[in-house]
Each structure stands twice: as structure tokens, then as C-alpha cells.
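The file structure.txt contains compact mmCIF, N, CA and C atoms:
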# COMPACT_ATOMS: atom_id res chain seq x y z
N MET A 531 -4.40 10.30 3.35
CA MET A 531 -3.17 10.25 2.62
C MET A 531 -3.28 11.18 1.41
N LYS A 532 -2.19 11.81 1.11
CA LYS A 532 -2.17 12.70 -0.04
C LYS A 532 -1.84 11.91 -1.31
N HIS A 533 -2.66 12.12 -2.33
CA HIS A 533 -2.45 11.47 -3.63
C HIS A 533 -1.02 11.70 -4.11
N ALA A 534 -0.55 12.95 -4.02
CA ALA A 534 0.79 13.29 -4.50
C ALA A 534 1.87 12.53 -3.74
N SER A 535 1.68 12.32 -2.46
CA SER A 535 2.66 11.57 -1.67
C SER A 535 2.68 10.10 -2.08
N LEU A 536 1.52 9.54 -2.33
CA LEU A 536 1.45 8.15 -2.75
C LEU A 536 2.11 7.97 -4.11
N VAL A 537 1.85 8.87 -5.03
CA VAL A 537 2.50 8.81 -6.35
C VAL A 537 4.01 8.95 -6.19
N ALA A 538 4.44 9.88 -5.34
CA ALA A 538 5.88 10.07 -5.12
C ALA A 538 6.51 8.81 -4.55
N PHE A 539 5.83 8.15 -3.64
CA PHE A 539 6.35 6.89 -3.08
C PHE A 539 6.45 5.81 -4.16
N LEU A 540 5.40 5.66 -4.95
CA LEU A 540 5.37 4.61 -5.97
C LEU A 540 6.39 4.84 -7.09
N THR A 541 6.77 6.09 -7.29
CA THR A 541 7.74 6.40 -8.35
C THR A 541 9.16 6.59 -7.82
N GLY A 542 9.34 6.42 -6.52
CA GLY A 542 10.68 6.49 -5.95
C GLY A 542 11.11 7.85 -5.45
N GLY A 543 10.22 8.84 -5.48
CA GLY A 543 10.56 10.18 -5.02
C GLY A 543 10.36 10.40 -3.54
N LEU A 544 9.74 9.44 -2.85
CA LEU A 544 9.49 9.53 -1.42
C LEU A 544 9.84 8.18 -0.81
N SER A 545 10.67 8.19 0.20
CA SER A 545 11.12 6.93 0.82
C SER A 545 9.99 6.27 1.60
N PRO A 546 10.12 4.96 1.83
CA PRO A 546 9.12 4.28 2.66
C PRO A 546 9.03 4.89 4.05
N GLU A 547 10.17 5.29 4.60
CA GLU A 547 10.18 5.89 5.93
C GLU A 547 9.41 7.21 5.94
N ALA A 548 9.60 8.02 4.92
CA ALA A 548 8.92 9.32 4.84
C ALA A 548 7.42 9.15 4.69
N VAL A 549 7.00 8.23 3.83
CA VAL A 549 5.56 8.01 3.67
C VAL A 549 4.99 7.44 4.96
N GLY A 550 5.73 6.60 5.64
CA GLY A 550 5.28 6.05 6.92
C GLY A 550 5.07 7.14 7.96
N GLU A 551 6.02 8.07 8.05
CA GLU A 551 5.89 9.18 8.99
C GLU A 551 4.67 10.04 8.65
N GLU A 552 4.45 10.23 7.36
CA GLU A 552 3.34 11.09 6.92
C GLU A 552 1.98 10.52 7.28
N ILE A 553 1.84 9.20 7.21
CA ILE A 553 0.51 8.60 7.41
C ILE A 553 0.33 7.92 8.76
N ALA A 554 1.35 7.88 9.59
CA ALA A 554 1.27 7.12 10.86
C ALA A 554 0.08 7.54 11.72
N ALA A 555 -0.14 8.83 11.88
CA ALA A 555 -1.23 9.29 12.75
C ALA A 555 -2.60 8.91 12.18
N GLU A 556 -2.79 9.05 10.87
CA GLU A 556 -4.10 8.72 10.32
C GLU A 556 -4.35 7.21 10.33
N VAL A 557 -3.29 6.42 10.18
CA VAL A 557 -3.45 4.96 10.26
C VAL A 557 -3.79 4.57 11.69
N ALA A 558 -3.11 5.17 12.66
CA ALA A 558 -3.40 4.88 14.07
C ALA A 558 -4.84 5.24 14.41
N ALA A 559 -5.32 6.37 13.94
CA ALA A 559 -6.70 6.78 14.20
C ALA A 559 -7.69 5.82 13.55
N CYS A 560 -7.40 5.42 12.34
CA CYS A 560 -8.27 4.47 11.63
C CYS A 560 -8.33 3.13 12.37
N ASN A 561 -7.16 2.62 12.77
CA ASN A 561 -7.11 1.34 13.47
C ASN A 561 -7.76 1.41 14.84
N SER A 562 -7.59 2.52 15.54
CA SER A 562 -8.22 2.69 16.86
C SER A 562 -9.74 2.67 16.73
N ALA A 563 -10.24 3.32 15.70
CA ALA A 563 -11.69 3.33 15.48
C ALA A 563 -12.20 1.92 15.23
N PHE A 564 -11.50 1.17 14.40
CA PHE A 564 -11.90 -0.22 14.13
C PHE A 564 -11.91 -1.04 15.41
N GLN A 565 -10.86 -0.90 16.20
CA GLN A 565 -10.75 -1.67 17.44
C GLN A 565 -11.83 -1.30 18.45
N ALA A 566 -12.30 -0.07 18.39
CA ALA A 566 -13.36 0.39 19.29
C ALA A 566 -14.75 0.04 18.76
N GLY A 567 -14.80 -0.64 17.63
CA GLY A 567 -16.08 -1.02 17.05
C GLY A 567 -16.75 0.09 16.27
N GLU A 568 -15.99 1.12 15.96
CA GLU A 568 -16.50 2.25 15.20
C GLU A 568 -16.05 2.13 13.74
N ASN A 569 -16.48 3.08 12.95
CA ASN A 569 -16.05 3.13 11.56
C ASN A 569 -14.69 3.83 11.48
N GLY A 570 -13.73 3.13 10.92
CA GLY A 570 -12.44 3.74 10.62
C GLY A 570 -12.48 4.19 9.17
N TYR A 571 -11.85 5.28 8.88
CA TYR A 571 -11.91 5.81 7.52
C TYR A 571 -10.55 5.82 6.86
N ILE A 572 -10.54 5.34 5.64
CA ILE A 572 -9.35 5.39 4.80
C ILE A 572 -9.58 6.56 3.86
N VAL A 573 -8.70 7.54 3.94
CA VAL A 573 -8.90 8.78 3.21
C VAL A 573 -7.71 9.05 2.31
N ILE A 574 -7.99 9.33 1.05
CA ILE A 574 -6.95 9.74 0.12
C ILE A 574 -7.48 10.93 -0.68
N THR A 575 -6.63 11.93 -0.84
CA THR A 575 -7.05 13.10 -1.60
C THR A 575 -7.17 12.75 -3.07
N ASP A 576 -7.90 13.56 -3.80
CA ASP A 576 -8.05 13.37 -5.24
C ASP A 576 -6.78 13.80 -5.96
N GLY A 577 -6.61 13.25 -7.14
CA GLY A 577 -5.48 13.60 -7.98
C GLY A 577 -5.74 13.13 -9.39
N THR A 578 -4.75 13.28 -10.23
CA THR A 578 -4.89 12.82 -11.61
C THR A 578 -4.74 11.30 -11.66
N LEU A 579 -5.31 10.71 -12.68
CA LEU A 579 -5.23 9.26 -12.83
C LEU A 579 -3.77 8.83 -12.92
N PHE A 580 -3.41 7.84 -12.13
CA PHE A 580 -2.04 7.33 -12.08
C PHE A 580 -2.08 5.82 -12.24
N GLN A 581 -1.24 5.31 -13.12
CA GLN A 581 -1.16 3.87 -13.33
C GLN A 581 -0.05 3.29 -12.45
N VAL A 582 -0.43 2.38 -11.57
CA VAL A 582 0.54 1.69 -10.73
C VAL A 582 1.23 0.64 -11.58
N THR A 583 2.53 0.76 -11.69
CA THR A 583 3.33 -0.15 -12.51
C THR A 583 3.91 -1.28 -11.65
N ARG A 584 4.57 -2.20 -12.32
CA ARG A 584 5.26 -3.27 -11.59
C ARG A 584 6.34 -2.68 -10.68
N GLU A 585 7.03 -1.64 -11.15
CA GLU A 585 8.06 -1.01 -10.32
C GLU A 585 7.45 -0.40 -9.06
N GLY A 586 6.31 0.24 -9.20
CA GLY A 586 5.63 0.81 -8.05
C GLY A 586 5.19 -0.26 -7.07
N ALA A 587 4.61 -1.33 -7.58
CA ALA A 587 4.19 -2.44 -6.72
C ALA A 587 5.41 -3.08 -6.03
N LYS A 588 6.51 -3.20 -6.76
CA LYS A 588 7.73 -3.74 -6.16
C LYS A 588 8.22 -2.85 -5.02
N ARG A 589 8.13 -1.53 -5.19
CA ARG A 589 8.55 -0.61 -4.12
C ARG A 589 7.75 -0.86 -2.85
N LEU A 590 6.44 -1.05 -3.01
CA LEU A 590 5.59 -1.29 -1.85
C LEU A 590 5.93 -2.62 -1.18
N LEU A 591 6.01 -3.68 -1.95
CA LEU A 591 6.32 -4.98 -1.38
C LEU A 591 7.74 -5.04 -0.81
N SER A 592 8.68 -4.42 -1.50
CA SER A 592 10.06 -4.40 -1.00
C SER A 592 10.16 -3.64 0.32
N ALA A 593 9.39 -2.56 0.44
CA ALA A 593 9.40 -1.78 1.68
C ALA A 593 8.94 -2.63 2.86
N VAL A 594 7.98 -3.52 2.62
CA VAL A 594 7.51 -4.43 3.66
C VAL A 594 8.58 -5.50 3.92
N ALA A 595 9.09 -6.11 2.87
CA ALA A 595 10.09 -7.18 3.01
C ALA A 595 11.36 -6.69 3.72
N GLU A 596 11.75 -5.46 3.43
CA GLU A 596 12.96 -4.89 4.02
C GLU A 596 12.70 -4.22 5.36
N GLU A 597 11.46 -4.31 5.83
CA GLU A 597 11.04 -3.71 7.10
C GLU A 597 11.29 -2.21 7.15
N ARG A 598 11.13 -1.56 6.01
CA ARG A 598 11.25 -0.10 5.93
C ARG A 598 9.89 0.57 6.07
N LEU A 599 8.83 -0.21 5.90
CA LEU A 599 7.46 0.27 6.08
C LEU A 599 6.69 -0.83 6.79
N PRO A 600 6.25 -0.57 8.02
CA PRO A 600 5.49 -1.61 8.74
C PRO A 600 4.27 -2.06 7.96
N PHE A 601 3.93 -3.33 8.13
CA PHE A 601 2.82 -3.89 7.37
C PHE A 601 1.54 -3.08 7.54
N ARG A 602 1.21 -2.67 8.75
CA ARG A 602 -0.06 -1.94 8.97
C ARG A 602 -0.11 -0.65 8.15
N LEU A 603 1.05 -0.01 7.95
CA LEU A 603 1.09 1.20 7.12
C LEU A 603 1.02 0.85 5.64
N ALA A 604 1.73 -0.20 5.24
CA ALA A 604 1.67 -0.64 3.84
C ALA A 604 0.26 -1.09 3.47
N ASN A 605 -0.41 -1.73 4.41
CA ASN A 605 -1.79 -2.18 4.20
C ASN A 605 -2.69 -0.98 3.94
N TYR A 606 -2.49 0.10 4.67
CA TYR A 606 -3.27 1.32 4.49
C TYR A 606 -2.98 1.93 3.12
N VAL A 607 -1.71 1.93 2.72
CA VAL A 607 -1.33 2.44 1.40
C VAL A 607 -2.06 1.64 0.32
N ALA A 608 -2.05 0.32 0.44
CA ALA A 608 -2.74 -0.52 -0.54
C ALA A 608 -4.24 -0.23 -0.55
N ASP A 609 -4.82 -0.05 0.64
CA ASP A 609 -6.24 0.31 0.71
C ASP A 609 -6.51 1.61 -0.04
N CYS A 610 -5.64 2.59 0.13
CA CYS A 610 -5.80 3.88 -0.54
C CYS A 610 -5.78 3.70 -2.06
N ILE A 611 -4.86 2.89 -2.55
CA ILE A 611 -4.76 2.64 -3.99
C ILE A 611 -6.05 2.01 -4.50
N ILE A 612 -6.53 1.01 -3.78
CA ILE A 612 -7.71 0.26 -4.23
C ILE A 612 -8.97 1.10 -4.14
N MET A 613 -9.10 1.89 -3.10
CA MET A 613 -10.34 2.64 -2.89
C MET A 613 -10.43 3.93 -3.68
N SER A 614 -9.33 4.38 -4.22
CA SER A 614 -9.33 5.63 -4.99
C SER A 614 -9.66 5.35 -6.45
N ASP A 615 -10.44 6.23 -7.03
CA ASP A 615 -10.73 6.15 -8.47
C ASP A 615 -9.57 6.70 -9.30
N ASP A 616 -8.56 7.24 -8.63
CA ASP A 616 -7.45 7.90 -9.33
C ASP A 616 -6.24 7.00 -9.53
N PHE A 617 -6.40 5.71 -9.25
CA PHE A 617 -5.31 4.75 -9.47
C PHE A 617 -5.83 3.60 -10.31
N ASP A 618 -4.97 3.13 -11.18
CA ASP A 618 -5.27 2.01 -12.05
C ASP A 618 -4.07 1.08 -12.02
N PHE A 619 -4.27 -0.16 -12.37
CA PHE A 619 -3.19 -1.15 -12.37
C PHE A 619 -2.68 -1.39 -13.79
N ALA A 620 -1.37 -1.44 -13.93
CA ALA A 620 -0.76 -1.66 -15.24
C ALA A 620 -1.13 -3.03 -15.81
N ASP A 621 -1.25 -4.01 -14.93
CA ASP A 621 -1.61 -5.36 -15.38
C ASP A 621 -2.10 -6.18 -14.18
N GLU A 622 -2.45 -7.42 -14.44
CA GLU A 622 -3.01 -8.28 -13.41
C GLU A 622 -2.00 -8.59 -12.30
N ALA A 623 -0.73 -8.72 -12.64
CA ALA A 623 0.29 -8.99 -11.62
C ALA A 623 0.38 -7.84 -10.63
N VAL A 624 0.27 -6.62 -11.12
CA VAL A 624 0.30 -5.44 -10.24
C VAL A 624 -0.93 -5.45 -9.34
N ARG A 625 -2.07 -5.70 -9.93
CA ARG A 625 -3.31 -5.77 -9.13
C ARG A 625 -3.19 -6.81 -8.04
N ASP A 626 -2.70 -8.00 -8.38
CA ASP A 626 -2.55 -9.07 -7.40
C ASP A 626 -1.59 -8.67 -6.28
N ALA A 627 -0.51 -7.99 -6.62
CA ALA A 627 0.47 -7.57 -5.62
C ALA A 627 -0.14 -6.57 -4.64
N ILE A 628 -0.90 -5.62 -5.16
CA ILE A 628 -1.52 -4.61 -4.29
C ILE A 628 -2.58 -5.27 -3.41
N PHE A 629 -3.37 -6.17 -3.96
CA PHE A 629 -4.36 -6.88 -3.15
C PHE A 629 -3.70 -7.80 -2.13
N PHE A 630 -2.51 -8.31 -2.43
CA PHE A 630 -1.76 -9.13 -1.48
C PHE A 630 -1.45 -8.31 -0.22
N ILE A 631 -0.98 -7.09 -0.40
CA ILE A 631 -0.65 -6.22 0.74
C ILE A 631 -1.93 -5.68 1.40
N GLU A 632 -2.99 -5.53 0.64
CA GLU A 632 -4.25 -5.01 1.17
C GLU A 632 -4.95 -6.02 2.08
N ASP A 633 -4.65 -7.30 1.95
CA ASP A 633 -5.29 -8.34 2.75
C ASP A 633 -4.80 -8.22 4.20
N ASP A 634 -5.70 -7.77 5.06
CA ASP A 634 -5.29 -7.55 6.44
C ASP A 634 -5.71 -8.68 7.38
N SER A 635 -5.98 -9.87 6.83
CA SER A 635 -6.35 -10.99 7.68
C SER A 635 -5.19 -11.39 8.60
N ARG A 636 -3.96 -11.18 8.12
CA ARG A 636 -2.75 -11.39 8.92
C ARG A 636 -1.58 -10.83 8.13
N PRO A 637 -0.55 -10.37 8.82
CA PRO A 637 0.63 -9.90 8.07
C PRO A 637 1.27 -11.06 7.30
N PRO A 638 1.71 -10.83 6.10
CA PRO A 638 2.35 -11.91 5.34
C PRO A 638 3.73 -12.22 5.91
N THR A 639 4.17 -13.44 5.71
CA THR A 639 5.52 -13.81 6.12
C THR A 639 6.51 -13.21 5.12
N LEU A 640 7.77 -13.22 5.49
CA LEU A 640 8.80 -12.73 4.58
C LEU A 640 8.84 -13.59 3.32
N ASP A 641 8.72 -14.90 3.48
CA ASP A 641 8.72 -15.79 2.31
C ASP A 641 7.54 -15.52 1.39
N GLU A 642 6.36 -15.28 1.96
CA GLU A 642 5.18 -14.97 1.14
C GLU A 642 5.38 -13.65 0.39
N THR A 643 5.98 -12.68 1.07
CA THR A 643 6.22 -11.39 0.42
C THR A 643 7.24 -11.53 -0.69
N ARG A 644 8.27 -12.32 -0.47
CA ARG A 644 9.26 -12.57 -1.53
C ARG A 644 8.63 -13.28 -2.72
N GLU A 645 7.73 -14.21 -2.46
CA GLU A 645 7.04 -14.90 -3.56
C GLU A 645 6.18 -13.91 -4.35
N ALA A 646 5.50 -13.02 -3.65
CA ALA A 646 4.69 -12.00 -4.34
C ALA A 646 5.57 -11.08 -5.16
N LEU A 647 6.73 -10.73 -4.64
CA LEU A 647 7.69 -9.91 -5.40
C LEU A 647 8.16 -10.65 -6.66
N ALA A 648 8.41 -11.93 -6.52
CA ALA A 648 8.89 -12.73 -7.67
C ALA A 648 7.84 -12.76 -8.79
N MET A 649 6.57 -12.70 -8.41
CA MET A 649 5.50 -12.73 -9.42
C MET A 649 5.50 -11.44 -10.27
N LEU A 650 6.14 -10.40 -9.77
CA LEU A 650 6.21 -9.14 -10.50
C LEU A 650 7.37 -9.12 -11.51
N GLY A 651 8.20 -10.15 -11.45
CA GLY A 651 9.31 -10.27 -12.41
C GLY A 651 10.55 -9.53 -12.07
Representation of the structure as C-alpha cells:
Amino acid sequence: MKHASLVAFLTGGLSPEAVGEEIAAEVAACNSAFQAGENGYIVITDGTLFQVTREGAKRLLSAVAEERLPFRLANYVADCIIMSDDFDFADEAVRDAIFFIEDDSRPPTLDETREALAMLG
């Protein structure tokens, strides 16, 4: 994933659909590797330090709730944010929201996603 694309998505300059199209192939490759028992890689390019705000976290969660970005793609986006040294969280609520989407144990329900959105204010 490109750092600039992720920043554009979080700031509203790139739609959930566009970011989904951009990363679909790399997410599919990563997931296929995991399913085959191999190492899947989450890759994000370097960029300048960017602070993820409540608005950015809301964009990510809303994209999932509105079914504009499939969970598996949103999960990859959250992984990129967490694994990159070039992203920071504005506060604990933002961190919790990103980790909520990063949890790939199962896709969250719509009600759970709405509750996570409500925690962002």
C-alpha cells in the first residue's frame, strides 16, 4: 500500500472504493499466502509522519459499516497503519478504533462497528 494513498483515504481525498481497488491484488496475495501456510506480507511505503485523527478513524469504520470497503481490505489498511512507523494515533480512542478493525479473528457485526464509531464521538 502506498503511504500517500492511505493518507489520502484518511483525510477524505480518496474514496473507500478507490483505495479498495488499489490494494485488492496485494490483499488477495497476502491472504492466499496465509491460507497456503506461507508468510503473507503487509507492505506500506514510507512517508512522512501522519497523525490518524478521529475523523480518519471514522472514515475507516464508516467505510466498513456502509459496506463501501470490505472488511478484509479495511483490516489490511488497519494493519498498514499499525505496522508502519509513519503513523501515530491522535488519542486512545483512535488507537482503539484502528485496533478494532485490525482484529481479524472475525469480521465485526454492524452493531459492533456502530458501537466503535460511537466511541469516536
- helix (DSSP H, G or I) positions in stretch 533-651 of chain A, given as a PyMOL selection string: chain A and resi 533-540+546-565+584-595+601-613+622-632+640-649
- Counting all atoms listed in the file, the residue of A:Leu591, A:Ala555, A:Leu650, A:Ile572 that sits nearest A:Met613: A:Ile572
- Query: Using all atoms listed in the file, what residues lie at most 6.5 Å away from (-2.9, 13.1, -0.2) (file coordinates), given as a ChimeraX atom specification?
  - Reply: /A:531-536,574-576
- Query: Once you count only C-alpha atoms, which residues end up no further than 12 Å from (-4.7, 6.6, 8.3) in the file's frame, shown as a PyMOL selection string?
  - Reply: chain A and resi 531-532+549-564+570-574+602-610
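The spacing separating atom CA of A:Glu645 from atom CA of A:Ala548 amounts to 25.7 Å.
Here the question is which of A:Phe539, A:Asp621, A:Asp616, A:Phe629 gets nearest to A:Leu579 using all atoms listed in the file, and that residue is A:Asp616.
When atom CA of A:Pro600 is paired with atom C of A:Leu640, their separation reads 13.6 Å.
Our summary of the geometry notes that atom CA of A:Phe630 is positioned 18.4 Å from atom N of A:Thr541.
With only N, CA and C atoms as the atoms that count, the minimum distance from A:Val582 to the choices A:Val594, A:Phe619, A:Phe601, A:Ser614 is reached by A:Phe619.
Distance check against A:Lys588 using only N, CA and C atoms: of A:Val624, A:Leu544, A:Ile611, A:Ser635, the minimum falls on A:Val624.
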